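One file, protein-v3.txt, is given below (compact mmCIF, C-alpha atoms).
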```
# COMPACT_ATOMS: atom_id res chain seq x y z
CA MET A 22 163.56 94.69 54.99
CA SER A 23 163.26 98.36 54.23
CA HIS A 24 164.03 100.99 56.82
CA HIS A 25 161.00 103.13 57.68
CA SER A 26 161.22 106.50 59.35
CA LYS A 27 159.61 106.66 62.74
CA TYR A 28 156.99 109.39 62.75
CA MET A 29 156.27 109.50 66.47
CA SER A 30 158.81 110.27 69.14
CA GLU A 31 159.07 108.15 72.29
CA ASP A 32 157.42 110.97 74.22
CA GLN A 33 154.50 111.08 71.79
CA GLU A 34 153.99 107.33 72.10
CA LYS A 35 154.17 107.56 75.90
CA LEU A 36 151.71 110.46 75.95
CA SER A 37 149.38 108.42 73.75
CA ARG A 38 149.49 105.52 76.24
CA TYR A 39 148.64 107.88 79.11
CA ALA A 40 145.82 109.48 77.10
CA LYS A 41 144.40 106.07 76.17
CA ALA A 42 144.40 105.11 79.83
CA LEU A 43 142.36 108.25 80.55
CA SER A 44 139.92 107.62 77.70
CA HIS A 45 137.27 105.75 79.69
CA PRO A 46 135.12 107.13 82.55
CA VAL A 47 135.69 104.04 84.72
CA ARG A 48 139.46 104.49 84.48
CA VAL A 49 139.11 108.18 85.31
CA PHE A 50 136.98 107.17 88.32
CA VAL A 51 139.64 104.67 89.44
CA LEU A 52 142.41 107.26 89.16
CA ASN A 53 140.32 109.79 91.11
CA TYR A 54 139.57 107.17 93.75
CA LEU A 55 143.23 106.25 94.13
CA ALA A 56 144.33 109.90 94.10
CA GLU A 57 141.88 110.66 96.92
CA HIS A 58 143.53 107.85 98.90
CA ILE A 59 147.08 108.71 97.82
CA ASP A 60 148.45 108.03 101.30
CA ARG A 61 147.56 104.33 101.07
CA CYS A 62 146.85 101.59 98.56
CA CYS A 63 143.27 100.49 97.91
CA TYR A 64 141.79 97.06 97.33
CA SER A 65 140.06 96.40 94.02
CA GLY A 66 137.06 95.09 95.98
CA ASP A 67 136.60 98.50 97.60
CA MET A 68 136.44 100.14 94.18
CA ALA A 69 134.09 97.43 92.87
CA GLU A 70 131.59 98.35 95.60
CA GLU A 71 131.58 101.94 94.33
CA LEU A 72 130.96 101.09 90.66
CA PRO A 73 127.92 99.54 88.94
CA ILE A 74 130.09 97.22 86.83
CA ALA A 75 131.19 93.60 87.09
CA ARG A 76 134.42 92.91 88.96
CA SER A 77 135.84 91.35 85.80
CA THR A 78 135.19 94.62 83.93
CA LEU A 79 136.89 96.59 86.69
CA SER A 80 139.80 94.18 86.51
CA GLU A 81 140.21 94.89 82.78
CA HIS A 82 140.25 98.64 83.44
CA LEU A 83 142.80 98.20 86.22
CA LYS A 84 144.93 96.15 83.84
CA GLU A 85 144.85 99.00 81.26
CA LEU A 86 145.88 101.57 83.88
CA LYS A 87 148.68 99.31 85.09
CA LYS A 88 149.84 98.69 81.50
CA ALA A 89 150.01 102.46 80.95
CA GLY A 90 152.07 102.74 84.14
CA LEU A 91 149.68 105.06 85.97
CA ILE A 92 148.98 102.60 88.78
CA GLN A 93 150.82 99.75 90.42
CA GLY A 94 149.39 96.68 92.08
CA GLU A 95 150.38 94.18 94.71
CA ILE A 96 148.81 90.74 94.75
CA LYS A 97 148.34 89.01 98.11
CA PRO A 98 145.68 86.37 97.42
CA PRO A 99 142.80 86.72 97.64
CA PHE A 100 143.35 90.49 97.65
CA ILE A 101 144.87 92.86 95.12
CA LYS A 102 145.94 96.32 96.27
CA TYR A 103 146.43 99.23 93.88
CA CYS A 104 147.93 102.66 94.23
CA ILE A 105 149.03 105.54 92.02
CA ASN A 106 152.47 105.12 90.47
CA ARG A 107 153.61 108.55 91.67
CA GLN A 108 156.57 108.85 89.29
CA ASN A 109 154.52 108.10 86.16
CA TRP A 110 151.55 110.09 87.50
CA GLU A 111 153.77 113.17 87.70
CA GLU A 112 155.30 112.45 84.31
CA ALA A 113 151.83 112.13 82.72
CA ARG A 114 150.76 115.39 84.36
CA MET A 115 153.80 117.23 82.99
CA MET A 116 153.48 115.69 79.53
CA LEU A 117 149.78 116.58 79.27
CA ASP A 118 150.51 120.09 80.50
CA ASP A 119 153.29 120.44 77.92
CA PHE A 120 151.03 119.06 75.21
CA PHE A 121 148.23 121.53 75.90
CA THR A 122 150.64 124.46 76.16
CA ARG A 123 152.73 123.45 73.15
CA ASP A 124 152.10 126.75 71.39
CA LYS A 125 154.13 128.37 74.16
CA ASN A 126 156.90 125.78 74.09
CA LYS A 127 156.96 123.73 70.87
CA ASP A 128 160.11 121.79 71.77
CA ASN A 129 158.43 119.71 74.46
CA LEU A 130 157.21 116.93 72.19
CA ASN A 131 159.59 117.45 69.28
CA LEU A 132 156.75 118.73 67.15
CA GLU A 133 159.07 120.49 64.70
CA ASN A 134 160.21 117.10 63.42
CA ASN A 135 156.63 115.93 62.98
CA THR A 136 154.83 118.96 61.57
CA VAL A 137 153.00 116.83 59.03
CA LEU A 138 151.10 115.19 61.91
CA TRP A 139 149.86 118.49 63.30
CA LYS A 140 148.91 120.46 60.18
CA SER A 141 145.25 121.29 59.94
CA ARG A 142 143.32 119.86 57.02
CA SER A 143 142.38 122.80 54.86
```

Please, can you express the file's structure as structure tokens?
Amino acid sequence: MSHHSKYMSEDQEKLSRYAKALSHPVRVFVLNYLAEHIDRCCYSGDMAEELPIARSTLSEHLKELKKAGLIQGEIKPPFIKYCINRQNWEEARMMLDDFFTRDKNKDNLNLENNTVLWKSRS
């Protein structure tokens, strides 16, 4: 097996997972809903009543958010409670902030080592 250089840093891969989790309006709705109820966990059924989608579709979106680490869930059949994973929520906020202000602080995502990924196509 040949050794391949890794082009993306761990932080870039993590940021990509957070961004993917935010890439659908239903997931953004869920995160807003949970953030508005940050003092307590919410049942998936409560969110399902607010959205014009099937519960199975909501469940898939919740699974994506959980996989990204932005929410956490607790299963107590027949109910599933979800809440914001505060540690990862804060990490995602800081990483996105660093990403969008990278011109001011290029070290945040190790962009110097990956300049080929960020060059404009001219």

Separation of CA of Met116 in chain A from CA of Tyr39 in chain A, in Å and rounded to one decimal
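Answer for the CA of Met116 in chain A to CA of Tyr39 in chain A separation: 9.2 Å.
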
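The closest residue to Lys84 in chain A, picked from A:Arg61, A:Arg48, A:Ala69, A:Arg114 and counting all atoms listed in the file, is A:Arg48.
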
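One finds CA of Leu72 in chain A at 17.7 Å from CA of Phe100 in chain A.
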
Among the residues A:Leu79, A:Cys104, A:Met115, A:Leu91, the one that comes closest to Arg38 in chain A [using only C-alpha atoms]
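Checking each of A:Leu79, A:Cys104, A:Met115, A:Leu91 against Arg38 in chain A, counting only C-alpha atoms, the winner is A:Leu91.
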
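All residues of protein, DNA or RNA that reach within 12 Å of Ile101 in chain A, judged by all atoms listed in the file and not counting those fewer than 3 positions away in the chain, are Cys62, Cys63, Tyr64, Ser65, Gly66, Asp67, Met68, Ala69, Ser80, Leu83, Lys84, Gln93, Gly94, Glu95, Ile96, Lys97, Pro98 and Cys104 of chain A.
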
Contact residues around Ile105 in chain A with only C-alpha atoms at 7 Å, ignoring same-chain residues under 4 positions, as a ChimeraX atom specification
/A:55-56,59,91-93,110

Can you report as AutoDock Vina command-line options the centre and edge lengths in Å, to one decimal, of an axis-aligned box around the listed atoms of range 67-81 of chain A padded with 3 Å on each side?
```
--center_x 134.1 --center_y 96.6 --center_z 90.2 --size_x 18.3 --size_y 16.6 --size_z 20.8
```

Two-atom distance - CA of Phe121 in chain A, CA of Glu31 in chain A (Å)
17.6 Å

Which residue gives the smallest distance to Lys88 in chain A among A:Asp118, A:Asn109, A:Lys102, A:Glu71, with all atoms listed in the file counted?
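Of all the options, A:Asn109 lies closest to Lys88 in chain A.
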
Nearest candidate to Phe120 in chain A (options A:Gln33, A:Ser77, A:Asn106, A:Ser44; using all atoms listed in the file):
A:Gln33
